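What's in target-v3.cif: mmCIF, C-alpha atoms
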data_run
loop_
_atom_site.label_atom_id
_atom_site.label_comp_id
_atom_site.auth_asym_id
_atom_site.auth_seq_id
_atom_site.Cartn_x
_atom_site.Cartn_y
_atom_site.Cartn_z
CA MET A 62 -107.29 49.57 153.63
CA LEU A 63 -108.21 45.90 153.70
CA ALA A 64 -104.80 44.94 155.08
CA THR A 65 -105.26 47.42 157.92
CA ALA A 66 -108.81 46.21 158.53
CA LEU A 67 -107.68 42.57 158.76
CA ILE A 68 -104.96 43.25 161.31
CA VAL A 69 -107.18 45.52 163.41
CA PHE A 70 -109.94 42.92 163.23
CA ARG A 71 -107.68 40.18 164.55
CA GLU A 72 -106.41 42.17 167.51
CA VAL A 73 -109.87 43.50 168.41
CA LEU A 74 -111.44 40.06 167.99
CA GLU A 75 -109.42 38.46 170.79
CA ALA A 76 -110.24 41.19 173.28
CA ALA A 77 -113.89 41.38 172.13
CA LEU A 78 -114.44 37.66 172.69
CA VAL A 79 -113.10 37.96 176.25
CA VAL A 80 -115.39 40.94 176.89
CA GLY A 81 -118.36 39.06 175.41
CA ILE A 82 -117.82 36.04 177.65
CA VAL A 83 -117.24 38.17 180.74
CA LEU A 84 -120.40 40.20 180.12
CA ALA A 85 -122.39 36.98 179.79
CA ALA A 86 -120.76 35.49 182.90
CA SER A 87 -121.62 38.58 184.94
CA GLN A 88 -125.25 38.56 183.84
CA GLY A 89 -127.46 40.00 186.57
CA VAL A 90 -124.73 41.73 188.55
CA PRO A 91 -125.45 45.41 189.17
CA ARG A 92 -122.96 47.90 187.74
CA ARG A 93 -121.21 45.17 185.74
CA GLY A 94 -121.13 47.49 182.72
CA LEU A 95 -119.15 49.97 184.76
CA TRP A 96 -116.68 47.30 185.89
CA VAL A 97 -116.16 45.94 182.41
CA ALA A 98 -115.91 49.44 180.90
CA GLY A 99 -113.37 50.29 183.58
CA GLY A 100 -111.38 47.20 182.62
CA VAL A 101 -111.48 48.11 178.92
CA GLY A 102 -110.57 51.76 179.63
CA THR A 103 -107.64 50.84 181.87
CA GLY A 104 -106.52 48.30 179.30
CA ILE A 105 -106.50 50.94 176.54
CA ALA A 106 -104.58 53.42 178.71
CA GLY A 107 -102.11 50.66 179.55
CA SER A 108 -101.75 49.78 175.86
CA LEU A 109 -100.61 53.32 175.07
CA LEU A 110 -98.07 53.16 177.88
CA VAL A 111 -96.75 49.74 176.89
CA ALA A 112 -96.50 50.79 173.22
CA ALA A 113 -94.64 53.97 174.18
CA PHE A 114 -92.10 51.95 176.16
CA ALA A 115 -92.01 48.92 173.84
CA GLU A 116 -88.29 49.23 173.17
CA GLU A 117 -87.41 49.68 176.85
CA ILE A 118 -89.55 46.69 177.81
CA ALA A 119 -87.99 44.54 175.07
CA ASN A 120 -84.44 45.43 176.13
CA ALA A 121 -85.09 44.98 179.85
CA LEU A 122 -83.83 41.89 181.71
CA SER A 123 -81.11 41.10 179.16
CA GLY A 124 -83.46 41.14 176.22
CA ILE A 125 -86.26 38.94 177.51
CA GLY A 126 -88.32 41.77 179.03
CA GLN A 127 -91.02 41.54 176.39
CA GLU A 128 -91.47 37.79 176.84
CA LEU A 129 -91.60 38.04 180.62
CA PHE A 130 -94.03 40.96 180.45
CA ASP A 131 -96.37 39.11 178.07
CA ALA A 132 -96.16 35.94 180.16
CA ALA A 133 -96.88 37.88 183.35
CA VAL A 134 -99.91 39.55 181.78
CA LEU A 135 -101.25 36.22 180.54
CA PHE A 136 -100.68 34.27 183.75
CA THR A 137 -102.25 37.05 185.83
CA ALA A 138 -105.30 36.89 183.58
CA VAL A 139 -105.38 33.10 184.01
CA ALA A 140 -105.28 33.53 187.80
CA MET A 141 -108.15 36.03 187.71
CA LEU A 142 -110.29 33.81 185.50
CA GLY A 143 -109.50 30.85 187.74
CA TRP A 144 -110.50 32.79 190.84
CA HIS A 145 -113.82 33.67 189.24
CA ASN A 146 -114.46 30.08 188.21
CA ILE A 147 -113.66 28.64 191.61
CA TRP A 148 -115.95 31.20 193.20
CA MET A 149 -118.67 30.22 190.75
CA GLY A 150 -118.04 26.58 191.56
CA ARG A 151 -119.09 27.40 195.09
CA HIS A 152 -121.96 29.75 194.40
CA GLY A 153 -122.98 29.11 190.83
CA ARG A 154 -125.54 26.49 191.73
CA GLU A 155 -127.43 28.82 194.05
CA LEU A 156 -127.25 31.56 191.46
CA ALA A 157 -128.74 29.30 188.86
CA VAL A 158 -131.52 28.13 191.17
CA GLU A 159 -132.34 31.65 192.26
CA ALA A 160 -131.85 33.18 188.86
CA SER A 161 -135.54 33.80 188.31
CA ASP A 162 -135.64 36.04 191.33
CA VAL A 163 -134.34 39.49 190.45
CA GLY A 164 -133.78 40.46 194.08
CA LYS A 165 -131.61 37.43 194.67
CA LEU A 166 -129.65 38.12 191.53
CA VAL A 167 -128.87 41.54 192.90
CA ARG A 168 -127.59 39.90 196.05
CA ALA A 169 -125.36 37.88 193.78
CA GLY A 170 -123.60 41.18 193.20
CA ALA A 171 -121.14 39.87 195.75
CA ARG A 172 -119.72 37.96 192.80
CA PRO A 173 -116.04 38.84 192.40
CA LEU A 174 -116.50 41.17 189.48
CA HIS A 175 -113.19 42.93 190.04
CA VAL A 176 -111.27 39.80 188.99
CA LEU A 177 -113.21 39.69 185.73
CA ALA A 178 -112.59 43.41 185.22
CA ILE A 179 -108.85 42.82 185.69
CA ALA A 180 -108.94 39.91 183.23
CA VAL A 181 -110.69 42.13 180.66
CA GLY A 182 -108.16 44.92 181.26
CA LEU A 183 -105.24 42.52 180.72
CA ALA A 184 -106.76 41.06 177.54
CA VAL A 185 -107.25 44.58 176.16
CA LEU A 186 -103.74 45.55 177.25
CA ARG A 187 -102.13 42.66 175.40
CA GLU A 188 -103.98 43.05 172.14
CA GLY A 189 -104.20 46.84 172.42
CA SER A 190 -100.48 47.50 172.75
CA GLU A 191 -99.81 45.59 169.53
CA LEU A 192 -102.61 47.48 167.86
CA VAL A 193 -101.19 50.83 168.95
CA LEU A 194 -97.74 49.91 167.61
CA PHE A 195 -99.23 48.75 164.34
CA LEU A 196 -101.30 51.92 163.92
CA TYR A 197 -98.32 54.07 164.76
CA GLY A 198 -96.44 52.31 161.97
CA VAL A 199 -99.31 52.83 159.52
CA VAL A 200 -99.56 56.54 160.32
CA ALA A 201 -95.79 57.12 160.35
CA ALA A 202 -95.10 55.18 157.15
CA ASN A 203 -97.78 57.08 155.27
CA GLY A 204 -97.66 54.57 152.48
CA THR A 205 -101.41 54.70 152.33
CA THR A 206 -103.39 57.84 152.90
CA LEU A 207 -104.61 58.51 156.39
CA ALA A 208 -108.23 58.42 155.23
CA GLN A 209 -107.75 54.92 153.84
CA SER A 210 -106.11 53.53 156.94
CA SER A 211 -108.72 55.21 159.16
CA ALA A 212 -111.44 53.52 157.15
CA GLY A 213 -109.59 50.23 157.54
CA PHE A 214 -109.28 50.75 161.27
CA VAL A 215 -112.99 51.52 161.71
CA LEU A 216 -113.98 48.55 159.55
CA GLY A 217 -111.69 46.14 161.40
CA PHE A 218 -112.70 47.46 164.80
CA LEU A 219 -116.42 47.23 164.07
CA ALA A 220 -116.08 43.72 162.64
CA GLY A 221 -114.12 42.52 165.70
CA ALA A 222 -116.56 44.13 168.11
CA ALA A 223 -119.49 42.64 166.15
CA VAL A 224 -118.17 39.10 166.61
CA GLY A 225 -117.80 39.75 170.35
CA ALA A 226 -121.36 41.08 170.46
CA LEU A 227 -122.64 38.06 168.50
CA LEU A 228 -121.04 35.73 171.05
CA TYR A 229 -122.56 37.73 173.92
CA PHE A 230 -126.10 37.75 172.49
CA GLY A 231 -125.73 34.11 171.53
CA LEU A 232 -124.85 33.24 175.12
CA LEU A 233 -127.82 35.24 176.38
CA ARG A 234 -130.13 32.87 174.54
CA ILE A 235 -129.05 30.15 176.94
CA PRO A 236 -131.51 29.82 179.83
CA LEU A 237 -130.12 31.40 183.01
CA ARG A 238 -130.20 28.00 184.70
CA HIS A 239 -127.45 26.81 182.38
CA LEU A 240 -125.78 30.08 181.45
CA PHE A 241 -123.27 30.13 184.29
CA THR A 242 -122.24 26.54 183.66
CA VAL A 243 -121.59 27.39 180.03
CA THR A 244 -119.68 30.60 180.82
CA SER A 245 -117.59 28.80 183.44
CA TRP A 246 -116.60 26.22 180.84
CA LEU A 247 -115.84 28.92 178.30
CA ILE A 248 -113.72 30.78 180.86
CA LEU A 249 -111.90 27.56 181.75
CA LEU A 250 -110.95 26.98 178.10
CA LEU A 251 -110.10 30.67 177.64
CA ALA A 252 -107.77 30.48 180.65
CA ALA A 253 -106.16 27.26 179.42
CA GLY A 254 -105.47 28.88 176.05
CA MET A 255 -103.92 31.89 177.76
CA ALA A 256 -101.74 29.66 179.93
CA ALA A 257 -100.49 27.83 176.83
CA GLN A 258 -99.70 31.17 175.22
CA GLY A 259 -97.87 32.30 178.36
CA ALA A 260 -95.85 29.08 178.29
CA ALA A 261 -94.90 29.85 174.68
CA PHE A 262 -93.48 33.20 175.77
CA LEU A 263 -91.42 31.56 178.53
CA MET A 264 -90.19 29.04 175.97
CA GLN A 265 -89.31 31.92 173.65
CA ALA A 266 -87.35 33.52 176.51
CA ASP A 267 -85.48 30.23 176.83
CA LEU A 268 -86.80 29.70 180.36
CA LEU A 269 -88.86 26.61 179.56
CA PRO A 270 -87.95 23.65 177.35
CA ALA A 271 -90.13 23.14 174.25
CA LEU A 272 -90.71 19.43 175.01
CA GLY A 273 -91.15 18.77 171.33
CA ASP A 274 -91.46 21.54 168.74
CA THR A 275 -94.57 20.24 167.04
CA VAL A 276 -96.76 17.77 168.89
CA TRP A 277 -99.23 17.78 166.01
CA ASP A 278 -99.67 19.77 162.83
CA THR A 279 -103.16 20.70 161.69
CA SER A 280 -102.01 23.79 159.79
CA ARG A 281 -103.16 22.25 156.51
CA PHE A 282 -106.73 21.71 157.64
CA LEU A 283 -107.14 24.67 159.94
CA PRO A 284 -104.31 27.24 159.71
CA ASP A 285 -103.75 29.70 162.56
CA THR A 286 -104.22 32.50 160.06
CA SER A 287 -107.72 31.48 158.93
CA LEU A 288 -110.75 33.20 160.41
CA LEU A 289 -111.95 30.05 162.15
CA GLY A 290 -108.40 29.34 163.37
CA GLN A 291 -108.15 32.81 164.85
CA MET A 292 -111.54 32.57 166.53
CA LEU A 293 -110.74 29.17 167.99
CA HIS A 294 -107.35 30.49 169.10
CA ALA A 295 -108.98 33.36 170.95
CA LEU A 296 -111.73 31.18 172.43
CA ILE A 297 -110.10 27.88 173.32
CA GLY A 298 -106.43 28.52 172.58
CA TYR A 299 -106.29 26.58 169.31
CA VAL A 300 -102.75 26.30 167.91
CA ALA A 301 -102.13 24.45 164.63
CA GLN A 302 -98.57 23.39 165.54
CA PRO A 303 -98.33 23.35 169.32
CA ALA A 304 -95.09 22.73 171.19
CA GLY A 305 -95.13 20.12 173.94
CA ILE A 306 -94.87 22.68 176.72
CA GLN A 307 -98.00 24.44 175.42
CA VAL A 308 -99.98 21.22 175.58
CA VAL A 309 -98.64 20.56 179.09
CA PHE A 310 -99.72 24.00 180.32
CA TYR A 311 -103.10 23.72 178.60
CA VAL A 312 -103.93 20.35 180.12
CA ALA A 313 -102.48 21.31 183.52
CA THR A 314 -104.61 24.47 183.67
CA ILE A 315 -107.81 22.60 182.83
CA THR A 316 -107.00 19.82 185.29
CA LEU A 317 -106.01 22.10 188.16
CA MET A 318 -108.77 24.64 187.70
CA GLY A 319 -111.39 22.00 186.98
CA THR A 320 -110.41 19.99 190.06
CA LEU A 321 -110.52 23.09 192.29
CA MET A 322 -113.92 24.06 190.88
CA TRP A 323 -115.22 20.57 191.53
CA LEU A 324 -113.75 20.31 195.05
CA VAL A 325 -114.97 23.74 196.09
CA GLY A 326 -118.36 23.16 194.47
CA ARG A 327 -118.78 19.87 196.32
CA ALA A 328 -117.89 21.46 199.65
CA GLY A 329 -120.02 24.51 198.97
CA PRO A 330 -123.61 25.10 200.03
CA THR A 331 -126.18 23.03 198.21
CA ARG A 332 -129.66 24.11 197.35
CA THR A 333 -131.25 21.93 200.04
CA ALA A 334 -128.92 23.31 202.70
CA ARG A 335 -129.90 26.84 201.82
CA PRO A 336 -131.85 28.53 204.63
CA PRO A 337 -135.23 29.84 203.56
CA ARG A 338 -134.61 33.39 204.80
CA ALA A 339 -132.11 35.91 203.52
CA ARG A 340 -128.54 34.94 204.18
CA PRO A 341 -125.83 37.40 204.98
CA ALA A 342 -123.94 38.49 201.88
CA GLU A 343 -120.91 36.34 201.16
CA MET B 113 -90.52 22.04 213.66
CA GLY B 114 -92.13 24.83 211.69
CA ILE B 115 -88.71 26.30 211.01
CA ALA B 116 -87.28 22.94 210.03
CA ALA B 117 -90.13 22.42 207.60
CA LYS B 118 -89.56 25.88 206.18
CA GLN B 119 -85.85 25.19 205.75
CA LEU B 120 -86.58 21.91 204.09
CA GLY B 121 -88.96 23.73 201.77
CA LEU B 122 -86.28 26.30 200.94
CA VAL B 123 -83.70 23.62 200.22
CA LEU B 124 -86.12 21.69 198.03
CA GLY B 125 -87.15 24.87 196.28
CA ALA B 126 -83.55 25.89 195.61
CA ALA B 127 -82.74 22.39 194.38
CA GLY B 128 -85.74 22.58 192.07
CA VAL B 129 -84.69 25.93 190.63
CA MET B 130 -81.12 24.74 190.13
CA GLY B 131 -82.30 21.55 188.49
CA TRP B 132 -84.56 23.58 186.25
CA ALA B 133 -81.81 26.04 185.35
CA GLY B 134 -79.42 23.15 184.75
CA MET B 135 -81.90 21.60 182.37
CA VAL B 136 -82.33 24.82 180.40
CA LEU B 137 -79.03 26.69 180.44
CA PRO B 138 -76.29 24.38 179.11
CA LEU B 139 -77.93 24.24 175.71
CA PHE B 140 -77.20 27.92 175.22
CA ALA B 141 -76.80 29.13 171.65
CA GLU B 142 -73.33 28.66 170.29
CA ASP B 143 -71.09 31.16 168.49
CA ALA B 144 -72.18 34.25 166.57
CA PRO B 145 -75.83 35.19 166.18
CA ILE B 146 -77.54 34.93 162.81
CA SER B 147 -78.36 38.36 161.44
CA LEU B 148 -81.67 39.31 159.87
CA THR B 149 -82.60 42.83 158.76
CA ILE B 150 -85.93 44.47 158.12
CA LYS B 151 -85.95 47.24 155.50
CA ASN B 152 -88.90 48.66 153.57
CA HIS B 153 -91.06 46.08 155.38
CA ARG B 154 -89.10 43.19 153.90
CA PHE B 155 -86.74 40.69 155.47
CA ASP B 156 -83.16 40.52 154.26
CA PRO B 157 -82.17 37.81 153.57
CA PRO B 158 -85.66 36.37 152.98
CA GLU B 159 -84.28 32.85 153.33
CA LEU B 160 -81.92 31.67 156.05
CA GLN B 161 -80.05 28.37 155.96
CA VAL B 162 -79.31 27.14 159.46
CA PRO B 163 -77.96 23.92 160.94
CA ALA B 164 -80.58 21.58 162.40
CA GLY B 165 -80.30 20.23 165.94
CA VAL B 166 -78.60 23.20 167.61
CA LYS B 167 -79.85 26.19 169.48
CA LEU B 168 -79.50 29.44 167.55
CA ARG B 169 -79.62 33.12 168.25
CA LEU B 170 -81.34 35.29 165.68
CA LEU B 171 -80.52 39.00 165.77
CA VAL B 172 -83.33 40.93 164.08
CA LYS B 173 -82.49 44.53 163.20
CA ASN B 174 -85.27 46.86 162.12
CA LEU B 175 -83.90 49.56 159.79
CA ASP B 176 -87.38 50.96 159.17
CA GLY B 177 -88.67 53.83 161.25
CA THR B 178 -91.82 51.91 162.10
CA PRO B 179 -92.28 48.99 164.49
CA GLU B 180 -92.57 45.42 163.26
CA GLU B 181 -93.41 42.11 164.90
CA PHE B 182 -91.30 39.08 164.06
CA GLU B 183 -93.73 36.18 164.12
CA SER B 184 -93.71 32.51 163.20
CA HIS B 185 -96.41 29.96 163.92
CA SER B 186 -94.18 26.97 163.23
CA LEU B 187 -91.35 28.34 165.41
CA HIS B 188 -93.74 29.60 168.12
CA ARG B 189 -92.14 33.01 168.09
CA GLU B 190 -93.77 36.43 168.40
CA LYS B 191 -91.71 39.47 169.28
CA VAL B 192 -92.09 43.18 168.63
CA VAL B 193 -89.07 45.07 167.30
CA ALA B 194 -89.27 48.84 167.58
CA GLY B 195 -88.51 51.15 164.63
CA GLY B 196 -84.72 51.40 164.42
CA GLY B 197 -84.41 48.78 167.15
CA GLU B 198 -83.12 45.23 167.36
CA ILE B 199 -84.16 42.09 169.18
CA THR B 200 -82.70 38.68 169.90
CA VAL B 201 -84.83 35.64 169.18
CA PHE B 202 -83.73 32.21 170.37
CA ILE B 203 -84.69 29.37 168.07
CA GLY B 204 -84.13 25.67 167.93
CA PRO B 205 -82.82 23.09 168.26
CA LEU B 206 -84.78 22.60 165.03
CA ASP B 207 -85.67 19.41 163.21
CA PRO B 208 -84.65 19.55 159.54
CA GLY B 209 -87.34 21.35 157.57
CA THR B 210 -88.72 24.68 156.47
CA TYR B 211 -90.09 27.23 158.94
CA ASP B 212 -91.96 30.29 157.68
CA PHE B 213 -91.85 33.61 159.48
CA PHE B 214 -93.46 36.97 158.77
CA GLY B 215 -93.76 40.54 159.95
CA ASP B 216 -97.11 40.71 161.68
CA PHE B 217 -97.59 44.42 160.97
CA ASN B 218 -96.79 44.11 157.25
CA PRO B 219 -97.62 40.49 156.45
CA THR B 220 -98.06 41.10 152.71
CA THR B 221 -94.43 42.14 152.14
CA ALA B 222 -92.50 40.97 155.20
CA GLN B 223 -92.14 37.24 154.61
CA GLY B 224 -89.27 34.88 155.04
CA ARG B 225 -88.31 31.35 155.91
CA ILE B 226 -85.70 29.40 157.75
CA ILE B 227 -84.40 26.18 156.27
CA ALA B 228 -82.85 23.87 158.82
CA LYS B 229 -80.51 21.17 157.47
#
The structure in this file should be written as structure tokens.
Amino acid sequence: MLATALIVFREVLEAALVVGIVLAASQGVPRRGLWVAGGVGTGIAGSLLVAAFAEEIANALSGIGQELFDAAVLFTAVAMLGWHNIWMGRHGRELAVEASDVGKLVRAGARPLHVLAIAVGLAVLREGSELVLFLYGVVAANGTTLAQSSAGFVLGFLAGAAVGALLYFGLLRIPLRHLFTVTSWLILLLAAGMAAQGAAFLMQADLLPALGDTVWDTSRFLPDTSLLGQMLHALIGYVAQPAGIQVVFYVATITLMGTLMWLVGRAGPTRTARPPRARPAE
Amino acid sequence: MGIAAKQLGLVLGAAGVMGWAGMVLPLFAEDAPISLTIKNHRFDPPELQVPAGVKLRLLVKNLDGTPEEFESHSLHREKVVAGGGEITVFIGPLDPGTYDFFGDFNPTTAQGRIIAK
């Protein structure tokens, strides 16, 4: 039961942290719950599909179908998160200034919530398809009784969801003035971690060189398998023994996305330039 | 001028792709793949001796009816193998040393390591 719980926990944790951050980042947007729930629901449906066709996907494209699929999912998620962050770079300042005004927050509903919903869906899809395969194995093997593995599943799921909820409520304690800055930073690191993971899949498919198998090794102090290691992996892409190409993609994502956020934010409307009356929705 | 620029872009792009492929492809794994089987959620053989410094092809066959995921943190590998299915995993060129791997869906029993010499 505990073995099942641990594996379920790990898969749920990664998706739950993404959902927690996205819910915090979309604070004040009407119908955000619906968007995020739609993302989660689509992700779960997609997981079942991907799990059902796991063998076909793996064998596609001369055996590197699985790697390319995983990389595509990850890089699409990175693009969506980047889009959101660049948009926030332009409008985040106004949002923060106007945050006390509920009416203006509603107007901020023009925020590109669909990109966040897609990112959530992709995160759920990636973790979910592995979870489905694992559970299928547990049920089919019937080494443990179904009741035991069900209990393990519920326990692991609830624990993973609880950590996501903790992160969300923790973020909500941040004053709205600063909240969007914090969530943008979190999303930037989340995206960089995903890009590094995507690079690892392309390296695994033999499409990218490793550029050094192990740039550093912190597996003694903070192993990937530890709870903290897993949380940091999900949040900021921590890897105890990263390959060179992973570091390159991580740094490149932060640099590129950060520069775009800064450039767009600098060119964007400032609070003094804001007209006093209602502006047309952007 | 627009067309010329586009053509130049195409040529540069093609050159880039070829350069990239040239950098990656010639190191392709040599001779026969190394075979690894999964049965009763265990790897057989649990320890593989491989040469260091060359690219290798690992053929993982899953004889169980349930899916497994071949995973290794030190090798940066993570690949699902369906029940009754098989996958190819490229590894290396490795520095001499020991590299642990495990089955992510049955980590308590499915454990193994690669020793590169």
Target residues per the PyMOL selection byres ((chain B) within 9 of (chain A)), formatted as a ChimeraX atom specification: /B:132-133,135-137,140,177-181,185-195,197-207,216-220
Residues at most 7 Å from range 148-150 of chain A, counting only C-alpha atoms, excluding those fewer than 3 positions away in the same chain, as a list in words?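 Here the qualifying residues turn out to be Trp144, His145, Gly153, Met322, Trp323, Val325 and Gly326 of chain A.
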Name the residues captured by the PyMOL selection byres ((chain B and resi 157) around 12) when it is applied to the shown file; answer as a list in words. Ile146, Ser147, Leu148, Thr149, Ile150, Lys151, Arg154, Phe155, Asp156, Pro158, Glu159, Leu160, Gln161, Val172, Lys173, Ala222, Gln223, Gly224, Arg225 and Ile226 of chain B
Please evaluate the PyMOL selection byres ((chain A and resi 253) around 12) against the structure above and give the resulting residues as an MDAnalysis selection string. chainID A and resid 135:136 138:140 142:143 246:252 254:260 294:299 307:319
What is the distance between CA of Thr242 in chain A and CA of Asn146 in chain A, in Å to one decimal?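 Value for the CA of Thr242 in chain A-CA of Asn146 in chain A distance: 9.7 Å.
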Would you mind telling me which residue in A:His175, A:Arg151, A:Arg71, A:Arg187 lies nearest to Leu109 in chain A when using only C-alpha atoms?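 Of the candidates, the smallest distance to Leu109 in chain A is held by A:Arg187.
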Could you check how far CA of Gly215 in chain B sits from CA of Ala180 in chain A, in Å to one decimal?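 Here the two named atoms are 27.8 Å from each other.
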